[in-house]
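Engineer: Structure provided below as structure tokens; questions to follow.
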Amino acid sequence: GSLPASHRVAQLMTEAHRRFSSVDQGAVSQVYPALAQMPAHLFGICAVGVDGQTYAVGDALHEFTIMSVSKPFVFALVCDLLGPTGARERLGVNATGYPFNSLAGIERLPGGRSNPMVNAGAIATTSLLPGATIDERWASLRDGLSRFAGRELTVNDEVLASALASNFRNRSLAWMLQGFGSIYSDPAEALELYTRQCALQVSARDLAIMGATLANGGFNPITREQVVKPQTCHHTLAVMLTAGLYETSGDWLYEIGLPGKSGVSGGIVTVAPGKAGLGLFSPPLDEAGNSVRGQLVAQFLSQRLGLDMLISA
Ligand code: GLN
């Protein structure tokens, strides 16, 4: 079965929103100047079942930049094309235990290969996108993520400009990978595409649909399009479990029991295989860069909706 009865899901979602809207821990991201402008009070929750049933509360339609929540979906596109072996050989799939933009964490790894959920591995993933020119590669990226969301996603130009002007650590990572021979296009171009992918705008509802597509073997339950192969979802969910919440992925799995992916705008996608996708949005972040309220809602709903993969009853 998918989600519990509709009235029950609606009731629990409303309760989650009410219960956690007073939580005021965490701080809005300072990673890029334009992100620091986000209002801290925004709070949206959306659940989409594999049957397409949609439940939304609060600011579920408010758009924000996807940031690192783009990583699993770009990885899915690349893994779908290269196959799981080719993708793992080039990118790695093990946790670094370091923050998402760490250079030290990459330096010590064989060939500098980390995993597709941290910045270095995500930039390397983006460098593998098909297309003869940067425009073609951008089109395949944006189109691929749009098929997961079931609508055409667009870039926030202000955040993009801010990111391109201040992404010094990511520039270092791209050139470090080049030194290792572990980036597969021109590093400057891979960095440009990665920065654009992070500036695509989504809502909590979009994230829930994208998550539901991964929960549903790559078949988007709203558009009824097969976006990636079923086996690609397995590999994507595996890397999300390993490193979706960076160095606190173990804490997340311990509490929530599901694959997830966070981003510095305050978005989190959570996937309950065979059941549903959750899209969560609240800008204040903890030390690791994960939405504070988003994590609380994920834990509450994972338990109350019976989604936790590690509970068999
Ligand atoms: N674009 C951001 C960065 O590269 C995304 C990081 C994130 O969301 N964790 O720093």
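A note on labels: chains of the structure tokens are A, B, ... as shown, every chain counts residues from 1, and ligands are counted from 1 in their shown order.
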Mind checking which residues fall within 6 Å of range 200-217 of chain A, counting only C-alpha atoms, ignoring those fewer than 2 positions away in the same chain, and posting them as a PyMOL selection string?

Structural biologist: chain A and resi 46-48+50+60-66+148-149+154-155+197-198+219-220+230+233+269+271-274+276-281

Engineer: Within 6 Å of ligand 1, counting only C-alpha atoms and all ligand atoms, which protein or nucleic acid residues do you find, written as a ChimeraX atom specification?

Structural biologist: /A:67-68,100,119,195,198,263-264

Engineer: Please produce a file of the residues just selected, as a short mmCIF file (atom, residue, chain, number, x, y, z; two decimals), in the first residue's frame, where the atoms kept are N, CA and C atoms.

Structural biologist:
data_model
loop_
_atom_site.label_atom_id
_atom_site.label_comp_id
_atom_site.auth_asym_id
_atom_site.auth_seq_id
_atom_site.Cartn_x
_atom_site.Cartn_y
_atom_site.Cartn_z
N MET A 67 19.22 24.15 -4.98
CA MET A 67 20.56 23.90 -4.42
C MET A 67 20.89 22.41 -4.45
N SER A 68 21.38 21.87 -3.33
CA SER A 68 21.87 20.49 -3.34
C SER A 68 20.79 19.44 -3.52
N PHE A 100 29.72 19.38 3.11
CA PHE A 100 29.42 19.23 1.68
C PHE A 100 30.40 19.93 0.77
N ASN A 119 29.52 18.35 -2.90
CA ASN A 119 29.77 19.25 -4.02
C ASN A 119 30.76 18.70 -5.05
N THR A 195 26.37 25.21 -11.02
CA THR A 195 25.87 26.41 -10.34
C THR A 195 24.48 26.76 -10.87
N CYS A 198 21.82 24.36 -9.42
CA CYS A 198 21.49 24.70 -8.04
C CYS A 198 20.54 25.90 -7.96
N GLY A 263 19.20 20.71 1.01
CA GLY A 263 19.88 21.78 0.29
C GLY A 263 19.95 23.02 1.16
N VAL A 264 20.89 23.92 0.85
CA VAL A 264 21.10 25.08 1.73
C VAL A 264 19.99 26.14 1.66
#

Engineer: Out of A:Glu158, A:Asp186, A:Asp59, A:Asp251, which residue has the shortest atom-to-atom distance to Pro39 in chain A when counting only C-alpha atoms?

Structural biologist: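 Distance minimum relative to Pro39 in chain A lands on A:Asp59.
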
Engineer: Which value, in Å to one decimal, gives the distance between CA of Leu253 in chain A and CA of Leu310 in chain A?

Structural biologist: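 For CA of Leu253 in chain A relative to CA of Leu310 in chain A, the distance reads 9.2 Å.
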
Engineer: Using only C-alpha atoms, find the one residue out of A:Leu173, A:Ala139, A:Leu128, A:Val74 that sits nearest to Ile106 in chain A.

Structural biologist: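 So, comparing all the options, the nearest one is A:Leu173.
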
Engineer: Which one is closest to Gln231 in chain A: A:Gly105, A:Pro4, A:Pro84, A:Gly267? Count only C-alpha atoms.

Structural biologist: A:Pro84

Engineer: List as a PyMOL selection string the protein and nucleic acid residues near Arg196 in chain A, meaning an atom at most 12 Å away when only C-alpha atoms are counted, but skip any in the same chain fewer than 5 places from it.

Structural biologist: chain A and resi 65-68+70+123+126+134-135+137-139+141-142+153-164+167+189-191+201

Engineer: Record the distance separating CA of Gln30 in chain A and CA of Ser291 in chain A, expressed in Å with one decimal.

Structural biologist: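 Result for CA of Gln30 in chain A versus CA of Ser291 in chain A: 13.4 Å, one decimal.
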
Engineer: Quick one: residues within 12 Å of Thr236 in chain A, only C-alpha atoms, excluding same-chain residues fewer than 2 positions away - as an NGL selection string?

Structural biologist: :A and (70-80 or 83-84 or 87-88 or 93 or 115-117 or 211 or 213-215 or 217-218 or 228-234 or 238-244 or 259-261 or 271 or 273)

Engineer: By how many Å are CA of Ser262 in chain A and CA of Asn290 in chain A apart?

Structural biologist: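 A separation of 5.8 Å between them.
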
Engineer: Give the answer as one residue: which of A:Ile183, A:Leu301, A:Leu177, A:Ala165 has the shortest atom-to-atom distance to Tyr32 in chain A, using only C-alpha atoms?

Structural biologist: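 That would be A:Ala165, the residue with the smallest distance to Tyr32 in chain A.
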
Engineer: DSSP on the backbone: what in range 62-305 of chain A comes out strand (DSSP E), as a list in words?

Structural biologist: Phe64, Thr65, Gln201, Val202, Gly260, Lys261, Ser262, Gly267, Ile268, Val269, Thr270, Val271, Ala272, Ala276, Gly277, Leu278, Gly279, Leu280 and Phe281 of chain A

Engineer: Could you give me, as a PyMOL selection string, the residues within 6 Å of Gly150 in chain A, counting only C-alpha atoms and dropping anything in the same chain fewer than 3 positions from it?

Structural biologist: chain A and resi 146-147+223

Engineer: Kindly save the residues from that selection, with N, CA and C atoms included, as a short mmCIF file (atom, residue, chain, number, x, y, z; two decimals), in the first residue's frame.

Structural biologist:
data_model
loop_
_atom_site.label_atom_id
_atom_site.label_comp_id
_atom_site.auth_asym_id
_atom_site.auth_seq_id
_atom_site.Cartn_x
_atom_site.Cartn_y
_atom_site.Cartn_z
N SER A 146 13.19 18.85 -14.99
CA SER A 146 11.80 19.26 -15.23
C SER A 146 10.89 18.04 -15.40
N ARG A 147 11.41 16.97 -15.99
CA ARG A 147 10.59 15.76 -16.14
C ARG A 147 10.34 15.10 -14.78
N THR A 223 2.60 13.10 -14.17
CA THR A 223 2.62 13.19 -15.64
C THR A 223 2.51 11.83 -16.30
#

Engineer: Please provide as a list in words all residues within 8 Å of Leu12 in chain A, with the sequence filter that same-chain residues fewer than 2 positions apart are discarded (counting only C-alpha atoms).

Structural biologist: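 Surrounding residues, per the criterion: Arg8, Val9, Ala10, Thr14, Glu15, Ala16, Leu301, Arg304 and Leu305 of chain A.
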
Engineer: Quick one: write out the picked residues with C-alpha atoms as a PDB file, in the first residue's frame?

Structural biologist:
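Output below, filename selection_34.pdb:
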ATOM      1  CA  ARG A   8      -5.621  10.849   8.045  1.00  0.00           C
ATOM      2  CA  VAL A   9      -2.751  12.120   5.863  1.00  0.00           C
ATOM      3  CA  ALA A  10      -4.293  15.601   5.665  1.00  0.00           C
ATOM      4  CA  THR A  14      -1.673  19.916   9.348  1.00  0.00           C
ATOM      5  CA  GLU A  15      -0.554  18.718  12.750  1.00  0.00           C
ATOM      6  CA  ALA A  16       3.119  18.593  11.658  1.00  0.00           C
ATOM      7  CA  LEU A 301       5.636  12.044   9.189  1.00  0.00           C
ATOM      8  CA  ARG A 304       2.984   8.729  11.793  1.00  0.00           C
ATOM      9  CA  LEU A 305       2.451   7.842   8.131  1.00  0.00           C
TER      10      LEU A 305
END

Engineer: Which one is closest to Pro130 in chain A: A:Asp143, A:Leu81, A:Asn94, A:Glu89? Count only C-alpha atoms.

Structural biologist: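 The closest residue to Pro130 in chain A is A:Leu81.
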
Engineer: List as a PyMOL selection string the protein and nucleic acid residues near Ser312 in chain A, meaning an atom at most 12 Å away when only C-alpha atoms are counted, but skip any in the same chain fewer than 5 places from it.

Structural biologist: chain A and resi 257+303+306-307

Engineer: DSSP on the backbone: what in range 21-253 of chain A comes out alpha helix (DSSP H), as JSON, numbers by chain?

Structural biologist: {"A": [71, 72, 73, 74, 75, 76, 77, 78, 79, 80, 81, 82, 83, 84, 85, 86, 87, 88, 89, 90, 91, 104, 105, 106, 107, 119, 120, 121, 122, 123, 124, 125, 126, 134, 135, 136, 137, 138, 139, 140, 141, 142, 143, 144, 145, 146, 147, 148, 149, 157, 158, 159, 160, 161, 162, 163, 164, 165, 166, 168, 169, 170, 171, 172, 173, 174, 175, 176, 177, 178, 179, 180, 187, 188, 189, 190, 191, 192, 193, 194, 195, 196, 197, 198, 204, 205, 206, 207, 208, 209, 210, 211, 212, 213, 214, 215, 230, 231, 232, 233, 234, 235, 236, 237, 238, 239, 240, 241, 242, 243, 249, 250, 251, 252, 253]}

Engineer: Tell me which of A:Glu247, A:Val297, A:Ala288, A:Ser140 sits closest to Met13 in chain A, counting only C-alpha atoms.

Structural biologist: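 Closest residue, counting only C-alpha atoms: A:Val297.
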